[in-house]
Structure formats: C-alpha cells, structure tokens
$ cat data05.csv   # CSV, C-alpha atoms (C1' of nucleotides)
chain,number,residue,atom,x,y,z
A,9,MET,CA,-91.5,45.7,-224.1
A,10,SER,CA,-89.3,46.8,-221.3
A,11,PRO,CA,-86.3,44.5,-220.7
A,12,LEU,CA,-87.3,44.7,-217.0
A,13,ARG,CA,-90.5,42.9,-217.7
A,14,GLU,CA,-88.7,40.2,-219.7
A,15,ILE,CA,-86.1,39.7,-217.1
A,16,TYR,CA,-88.8,39.3,-214.5
A,17,THR,CA,-90.5,36.7,-216.5
A,18,ALA,CA,-87.3,34.8,-217.1
A,19,LEU,CA,-86.5,34.9,-213.3
A,20,TYR,CA,-90.0,33.8,-212.4
A,21,ASP,CA,-90.0,31.0,-214.9
A,22,HIS,CA,-86.7,29.8,-213.6
A,23,PHE,CA,-87.1,30.2,-209.8
A,24,GLY,CA,-90.9,30.3,-209.3
A,25,PRO,CA,-92.7,32.4,-206.8
A,26,GLN,CA,-90.6,33.3,-203.7
A,27,ASN,CA,-93.4,34.6,-201.4
A,28,TRP,CA,-91.1,36.8,-199.3
A,29,TRP,CA,-90.4,37.9,-196.6
A,30,PRO,CA,-89.5,34.7,-194.8
A,31,ALA,CA,-91.0,35.7,-191.4
A,32,ASP,CA,-94.0,34.9,-189.1
A,33,SER,CA,-94.7,38.5,-188.2
A,34,VAL,CA,-94.2,42.1,-189.2
A,35,LEU,CA,-91.8,42.7,-186.3
A,36,GLU,CA,-89.8,39.7,-187.4
A,37,VAL,CA,-89.5,41.3,-190.9
A,38,MET,CA,-88.2,44.4,-189.3
A,39,VAL,CA,-85.7,42.6,-187.1
A,40,GLY,CA,-84.6,40.5,-190.0
A,41,ALA,CA,-84.1,43.5,-192.2
A,42,VAL,CA,-81.6,45.0,-189.8
A,43,LEU,CA,-79.8,41.7,-189.1
A,44,THR,CA,-79.4,40.8,-192.8
A,45,GLN,CA,-77.3,44.0,-193.5
A,46,ASN,CA,-74.3,42.7,-195.4
A,47,THR,CA,-74.9,39.3,-194.0
A,48,ASN,CA,-75.9,35.8,-195.2
A,49,TRP,CA,-79.5,34.9,-194.4
A,50,ARG,CA,-78.5,31.6,-192.9
A,51,ASN,CA,-76.7,33.5,-190.1
A,52,VAL,CA,-79.6,35.8,-189.6
A,53,SER,CA,-82.0,32.9,-189.4
A,54,ARG,CA,-79.9,31.5,-186.5
A,55,ALA,CA,-80.0,34.8,-184.7
A,56,ILE,CA,-83.8,35.1,-185.1
A,57,ASP,CA,-84.2,31.5,-183.9
A,58,ASN,CA,-82.3,32.5,-180.7
A,59,LEU,CA,-84.6,35.4,-180.1
A,60,LYS,CA,-87.7,33.2,-180.7
A,61,GLN,CA,-86.5,30.5,-178.4
A,62,ASP,CA,-86.0,32.9,-175.6
A,63,HIS,CA,-89.3,34.7,-176.3
A,64,LEU,CA,-87.5,38.0,-177.0
A,65,LEU,CA,-89.2,38.8,-180.3
A,66,SER,CA,-91.7,41.4,-179.0
A,67,LEU,CA,-91.5,45.1,-178.9
A,68,ASN,CA,-91.8,45.3,-175.1
A,69,THR,CA,-89.1,42.8,-174.6
A,70,LEU,CA,-86.7,44.2,-177.2
A,71,HIS,CA,-87.2,47.6,-175.7
A,72,HIS,CA,-86.3,46.6,-172.2
A,73,ILE,CA,-83.6,44.0,-172.7
A,74,PRO,CA,-80.1,45.2,-172.0
A,75,VAL,CA,-78.3,45.9,-175.3
A,76,GLU,CA,-75.4,43.6,-174.2
A,77,LEU,CA,-77.7,40.7,-173.8
A,78,LEU,CA,-79.4,41.3,-177.1
A,79,ALA,CA,-76.0,41.4,-178.7
A,80,GLU,CA,-75.2,38.0,-177.3
A,81,LYS,CA,-78.4,36.5,-178.6
A,82,ILE,CA,-77.9,37.8,-182.2
A,83,ARG,CA,-74.3,36.9,-182.3
A,84,PRO,CA,-74.5,34.5,-185.3
A,85,SER,CA,-75.7,37.3,-187.5
A,86,GLY,CA,-72.3,39.1,-187.2
A,87,TYR,CA,-71.7,42.8,-186.4
A,88,TYR,CA,-73.7,41.9,-183.3
A,89,ASN,CA,-72.8,44.9,-181.1
A,90,LEU,CA,-73.7,47.2,-183.9
A,91,LYS,CA,-76.9,45.5,-184.8
A,92,ALA,CA,-78.1,45.2,-181.2
A,93,ALA,CA,-77.8,49.0,-181.0
A,94,ARG,CA,-79.6,49.4,-184.3
A,95,LEU,CA,-82.4,47.1,-183.2
A,96,LYS,CA,-82.8,49.1,-180.1
A,97,ASN,CA,-82.9,52.3,-182.1
A,98,LEU,CA,-85.6,50.9,-184.4
A,99,VAL,CA,-87.7,49.5,-181.6
A,100,ARG,CA,-87.5,52.9,-179.8
A,101,LEU,CA,-89.1,54.6,-182.8
A,102,LEU,CA,-92.0,52.1,-182.7
A,103,TYR,CA,-92.4,51.6,-179.0
A,104,GLU,CA,-92.0,55.1,-177.7
A,105,GLU,CA,-93.2,57.3,-180.5
A,106,GLU,CA,-96.4,55.4,-180.8
A,107,GLN,CA,-97.0,55.5,-177.0
A,108,ASN,CA,-99.2,52.4,-177.0
A,109,SER,CA,-97.9,50.5,-174.0
A,110,GLY,CA,-101.2,48.7,-173.5
A,111,GLU,CA,-101.6,47.4,-177.0
A,112,SER,CA,-100.3,44.4,-178.8
A,113,ASP,CA,-97.3,44.5,-181.2
A,114,SER,CA,-99.6,44.0,-184.2
A,115,GLU,CA,-101.8,46.9,-183.1
A,116,ILE,CA,-98.8,49.2,-182.6
A,117,LEU,CA,-97.4,48.2,-185.9
A,118,ASN,CA,-100.7,48.6,-187.7
A,119,VAL,CA,-100.9,52.2,-186.3
A,120,PHE,CA,-97.3,52.8,-187.4
A,121,PHE,CA,-97.8,51.7,-191.0
A,122,ALA,CA,-101.1,53.5,-191.4
A,123,ASP,CA,-99.3,56.6,-192.6
A,124,ASP,CA,-98.1,58.2,-195.7
A,125,THR,CA,-95.4,56.1,-197.3
A,126,ALA,CA,-93.0,58.9,-197.9
A,127,ARG,CA,-93.3,60.1,-194.3
A,128,LEU,CA,-92.9,56.5,-193.0
A,129,ARG,CA,-89.7,56.2,-195.1
A,130,ASP,CA,-88.3,59.4,-193.6
A,131,LYS,CA,-89.1,58.2,-190.1
A,132,LEU,CA,-87.3,54.9,-190.7
A,133,LEU,CA,-84.3,56.6,-192.3
A,134,SER,CA,-84.1,58.9,-189.2
A,135,VAL,CA,-83.2,55.8,-187.2
A,136,LYS,CA,-79.4,55.4,-186.8
A,137,GLY,CA,-78.6,52.1,-188.5
A,138,VAL,CA,-81.5,52.1,-190.9
A,139,GLY,CA,-80.4,53.0,-194.4
A,140,PRO,CA,-82.4,53.0,-197.7
A,141,GLU,CA,-82.4,49.3,-198.3
A,142,THR,CA,-83.4,48.4,-194.7
A,143,ALA,CA,-86.1,51.1,-194.7
A,144,ASP,CA,-87.5,50.0,-198.1
A,145,SER,CA,-87.5,46.3,-197.1
A,146,ILE,CA,-89.5,47.2,-194.0
A,147,LEU,CA,-91.9,49.3,-196.1
A,148,LEU,CA,-92.4,46.7,-198.8
A,149,TYR,CA,-92.2,43.4,-196.9
A,150,GLY,CA,-93.4,44.6,-193.5
A,151,GLY,CA,-95.9,47.3,-194.5
A,152,GLY,CA,-97.0,46.2,-197.9
A,153,LYS,CA,-96.1,49.5,-199.4
A,154,PRO,CA,-95.4,49.9,-203.1
A,155,VAL,CA,-91.6,50.5,-202.7
A,156,PHE,CA,-88.9,48.9,-204.8
A,157,VAL,CA,-86.0,47.5,-202.9
A,158,ILE,CA,-82.5,47.9,-204.3
A,159,ASP,CA,-79.6,45.8,-203.1
A,160,ALA,CA,-76.1,44.8,-204.1
A,161,TYR,CA,-77.3,42.0,-206.4
A,162,THR,CA,-79.7,44.4,-208.1
A,163,TYR,CA,-76.8,46.8,-208.8
A,164,ARG,CA,-74.7,44.0,-210.2
A,165,VAL,CA,-77.5,42.7,-212.5
A,166,LEU,CA,-78.3,46.2,-213.8
A,167,VAL,CA,-74.6,47.0,-214.5
A,168,ARG,CA,-73.6,43.7,-215.9
A,169,HIS,CA,-76.5,43.8,-218.4
A,170,GLY,CA,-75.8,47.3,-219.4
A,171,LEU,CA,-79.1,48.7,-218.1
A,172,ILE,CA,-77.5,51.3,-216.0
A,173,GLY,CA,-74.0,52.9,-215.4
A,174,GLU,CA,-71.6,51.8,-212.7
A,175,GLU,CA,-72.0,55.2,-211.1
A,176,ALA,CA,-75.7,54.7,-210.4
A,177,ASP,CA,-76.7,55.3,-206.8
A,178,TYR,CA,-79.6,53.8,-204.8
A,179,GLY,CA,-82.2,56.4,-205.8
A,180,GLU,CA,-81.4,56.2,-209.5
A,181,MET,CA,-81.8,52.4,-209.5
A,182,GLN,CA,-85.0,52.6,-207.6
A,183,GLU,CA,-86.3,55.2,-210.1
A,184,PHE,CA,-85.2,53.0,-213.0
A,185,PHE,CA,-87.6,50.3,-211.8
A,186,LEU,CA,-90.4,52.6,-210.8
A,187,ASP,CA,-90.4,54.3,-214.1
A,188,ARG,CA,-90.7,51.1,-216.0
A,189,LEU,CA,-93.0,48.9,-214.0
A,190,ASP,CA,-96.7,49.3,-213.0
A,191,GLU,CA,-97.2,50.2,-209.3
A,192,ASP,CA,-97.8,46.7,-208.0
A,193,VAL,CA,-96.8,45.6,-204.5
A,194,ARG,CA,-96.9,41.9,-205.5
A,195,LEU,CA,-94.6,42.5,-208.4
A,196,TYR,CA,-92.1,44.6,-206.4
A,197,ASN,CA,-92.1,41.9,-203.7
A,198,GLU,CA,-91.4,39.0,-206.1
A,199,TYR,CA,-89.0,41.0,-208.3
A,200,HIS,CA,-86.6,41.9,-205.5
A,201,ALA,CA,-86.8,38.4,-204.0
A,202,LEU,CA,-86.1,36.8,-207.4
A,203,LEU,CA,-83.1,39.1,-207.9
A,204,VAL,CA,-81.7,38.0,-204.6
A,205,CYS,CA,-82.4,34.4,-205.5
A,206,LEU,CA,-80.5,34.9,-208.7
A,207,GLY,CA,-77.7,36.7,-207.0
A,208,LYS,CA,-77.1,34.0,-204.5
A,209,GLU,CA,-76.7,31.4,-207.1
A,210,PHE,CA,-75.3,33.1,-210.2
A,211,CYS,CA,-74.3,36.7,-209.6
A,212,LYS,CA,-71.7,36.7,-206.9
A,213,LYS,CA,-68.7,39.0,-207.0
A,214,ARG,CA,-66.4,36.5,-208.6
A,215,ASN,CA,-68.5,35.1,-211.5
A,216,PRO,CA,-69.3,38.1,-213.6
A,217,LEU,CA,-69.9,36.1,-216.8
A,218,CYS,CA,-72.9,34.2,-215.4
A,219,GLU,CA,-72.8,31.6,-218.1
A,220,GLN,CA,-75.3,29.3,-216.5
A,221,CYS,CA,-77.5,32.2,-215.4
A,222,PRO,CA,-81.1,32.4,-216.4
A,223,LEU,CA,-80.4,35.9,-217.8
A,224,ARG,CA,-77.5,34.9,-220.1
A,225,GLU,CA,-79.6,35.8,-223.1
A,226,PHE,CA,-80.1,39.4,-221.9
A,227,GLU,CA,-76.9,40.9,-223.4
A,228,PRO,CA,-74.6,40.3,-220.5
A,229,ILE,CA,-71.5,42.4,-220.7
A,230,TYR,CA,-68.1,41.6,-219.2
A,231,VAL,CA,-67.2,43.9,-216.4
A,232,GLU,CA,-63.4,44.3,-216.1
A,233,ASP,CA,-63.5,45.2,-212.4
A,234,PRO,CA,-66.3,42.9,-211.1
A,235,VAL,CA,-68.8,44.8,-209.2
B,300,DT,C1',-57.8,29.5,-197.1
B,301,DG,C1',-59.3,33.7,-198.4
B,302,DC,C1',-63.4,35.6,-200.0
B,303,DC,C1',-68.0,36.6,-199.6
B,304,DA,C1',-72.7,37.6,-197.5
B,305,DG,C1',-80.1,40.6,-198.9
B,306,DG,C1',-75.5,47.8,-195.4
B,307,DC,C1',-74.6,51.6,-192.9
B,308,DC,C1',-72.0,55.0,-190.4
B,309,DG,C1',-68.2,58.2,-189.4
B,310,DG,C1',-64.0,60.3,-190.4
B,311,DG,C1',-60.7,62.0,-193.7
B,312,DT,C1',-59.6,64.4,-198.0
C,3,DA,C1',-68.9,65.5,-203.0
C,4,DC,C1',-66.4,61.4,-202.8
C,5,DC,C1',-63.5,57.6,-200.7
C,6,DC,C1',-62.5,54.3,-197.2
C,7,DG,C1',-62.1,51.6,-192.9
C,8,DG,C1',-64.7,49.4,-189.4
C,9,DC,C1',-68.1,46.2,-188.0
C,10,DA,C1',-67.9,40.0,-187.2
C,11,DT,C1',-69.9,35.4,-187.8
C,12,DG,C1',-70.2,31.2,-190.6
C,13,DG,C1',-70.1,28.6,-195.3
C,14,DC,C1',-67.7,27.1,-199.2

$ encode --input "data05.csv" --output "structure tokens"
Amino acid sequence: MSPLREIYTALYDHFGPQNWWPADSVLEVMVGAVLTQNTNWRNVSRAIDNLKQDHLLSLNTLHHIPVELLAEKIRPSGYYNLKAARLKNLVRLLYEEEQNSGESDSEILNVFFADDTARLRDKLLSVKGVGPETADSILLYGGGKPVFVIDAYTYRVLVRHGLIGEEADYGEMQEFFLDRLDEDVRLYNEYHALLVCLGKEFCKKRNPLCEQCPLREFEPIYVEDPV
DNA sequence: TGCCAGGCCGGGT
DNA sequence: ACCCGGCATGGC
C-alpha cells in the first residue's frame, strides 16, 4: 500500500473531515485563494469579511471598484496593494472574457468552469499574480476539478518523511500524488486540507522533528536546514 | 521580540 | 537555469 494512502488515513483519523474550502460561493473561493498567498487565513478572513460587509463580493463590483479602495478593504490580508491588483487581474479574466454582463456571478462562473481543465489552468496561470497553487486551488475548490494542490506544508511533509528530494518542484510533487492516488476530487480536496491542518499545528518551519505529530510513525527524518 | 503565515513576480547573475 | 529581495498585516 502506498504510504500516501496510509498518511491520508492517519490524518483523517486524527483531524476528521475538513470540508474545504471555507467560503459561501465560488467567487469567494477565488478571492480567498489570492488573498491567502503566503498569508495566515485569519487575516484573509478579516479581509473577506470587510468585502462582504460593504457588499463588494461580486464580479461587477470588484471589476469597477478603484484598485486603491479595494486595497484598503483587504488591508488585513497583507500585501494589500499587490493583492488588490491581482484580484482585479483575475476578475478581468472572468468578467470581460466571458462577456456576460447581464448574467449572475454564478452563471458567469459556471460558464467559465465548463471547460477543459488543462485549458482552464492555462487561463488562470496567464493572470499576473496567479501561480500554480492559486490556480490549482481555484480549480479544485472552486471548480470541483480533479487537481491536486501543492503548498509549502506539502513540500515540508514530503521532504521530512523522505518521500521526495529537497529539490522537488511544484510539478514533481503534484505528479507524485497523481501517480499514486485514484482520481477523486473528494480525496484531493480532503488531502490537501488535511495537510494544511497538519502543517498549521505540527509542521511549521521551526519544529522539524514533529514529535507530537500524527505522522510521527512514518519514518520522519531530521532535516538539518529546516525547510 | 523576531519569526512565521495555505505565493508570486521581477531583476540579477 | 537558478537565486534573491520585495511585498505587509497580525498572532504568538
């Protein structure tokens, strides 16, 4: 049995189902995916609350709001000038390319996601400020596509348990999972969420030994230069 | 108090 | 092809 399967079971038994993404709409998933870049979710949550309170969480509004004002609203999420521009870039892809000014957000987004996954990924990656993790999060958690999301925690877990080399890049890690797991959106969803859950509690940069971690039985190796 | 957080881009070598 | 600094708030 693949260690990936056993690791999943251990995480699931320890943390239980995560039912990601924490959002009320597909658009909120996409906005959250940008705002959470290298940022604690607590701060992202505040920024999204600001947008909701001011009724700014719609494609039309986000498209027309001045970028400076948007930046002010998402301030708690950090890198706010950068992220405001990135959100505008992403919304422009959805709002203008789909040319559906008369339709609702959900209709526009349904049309957007009704496309080949690989082509969707390319479209998302063409947006300045959307990299592989943000694109894949949007595909999996927003569009329900069978894509495995890799992040810094995933990298740490794989390296610290000797499953992959330190030089592994995003694509190699993604391939590592896809080669060893059945194609299953539900599984991909829970697996990444569980890895993040694990990371927040047990796999931060400074505690490479993870002695209390639910994965301590899976041949953890000491990493001299903590990744 | 410094380090860290669910990255990504652009410039330099 | 790498490597690195910049981006920025809030929690512990």

$ closest_atom_pairs --input "data05.csv" --of "chain B" --to "chain A" --cutoff "6 Å" --atoms "all atoms listed in the file" --output "CSV"
residue,atom,partner,partner_atom,distance
B:DA304,C1',A:Asn48,CA,4.3
B:DG306,C1',A:Gln45,CA,4.6
B:DC307,C1',A:Gly137,CA,6.0

$ atom_distance --input "data05.csv" --atom1 "CA of Val155 (chain A)" --atom2 "CA of Val119 (chain A)"
18.9 Å

$ atom_distance --input "data05.csv" --atom1 "CA of Tyr199 (chain A)" --atom2 "CA of Leu166 (chain A)"
13.1 Å

$ atom_distance --input "data05.csv" --atom1 "CA of Tyr196 (chain A)" --atom2 "CA of Gly24 (chain A)"
14.6 Å

$ interface_residues --input "data05.csv" --of "chain A" --to "chain C" --cutoff "6 Å" --atoms "all atoms listed in the file" --output "PyMOL selection string"
chain A and resi 84+86-87

$ write_last_selection --input "data05.csv" --atoms "C-alpha atoms" --output "PDB file, in the coordinates of the input"
ATOM      1  CA  PRO A  84     -74.500  34.500-185.300  1.00  0.00           C
ATOM      2  CA  GLY A  86     -72.300  39.100-187.200  1.00  0.00           C
ATOM      3  CA  TYR A  87     -71.700  42.800-186.400  1.00  0.00           C
TER       4      TYR A  87
END
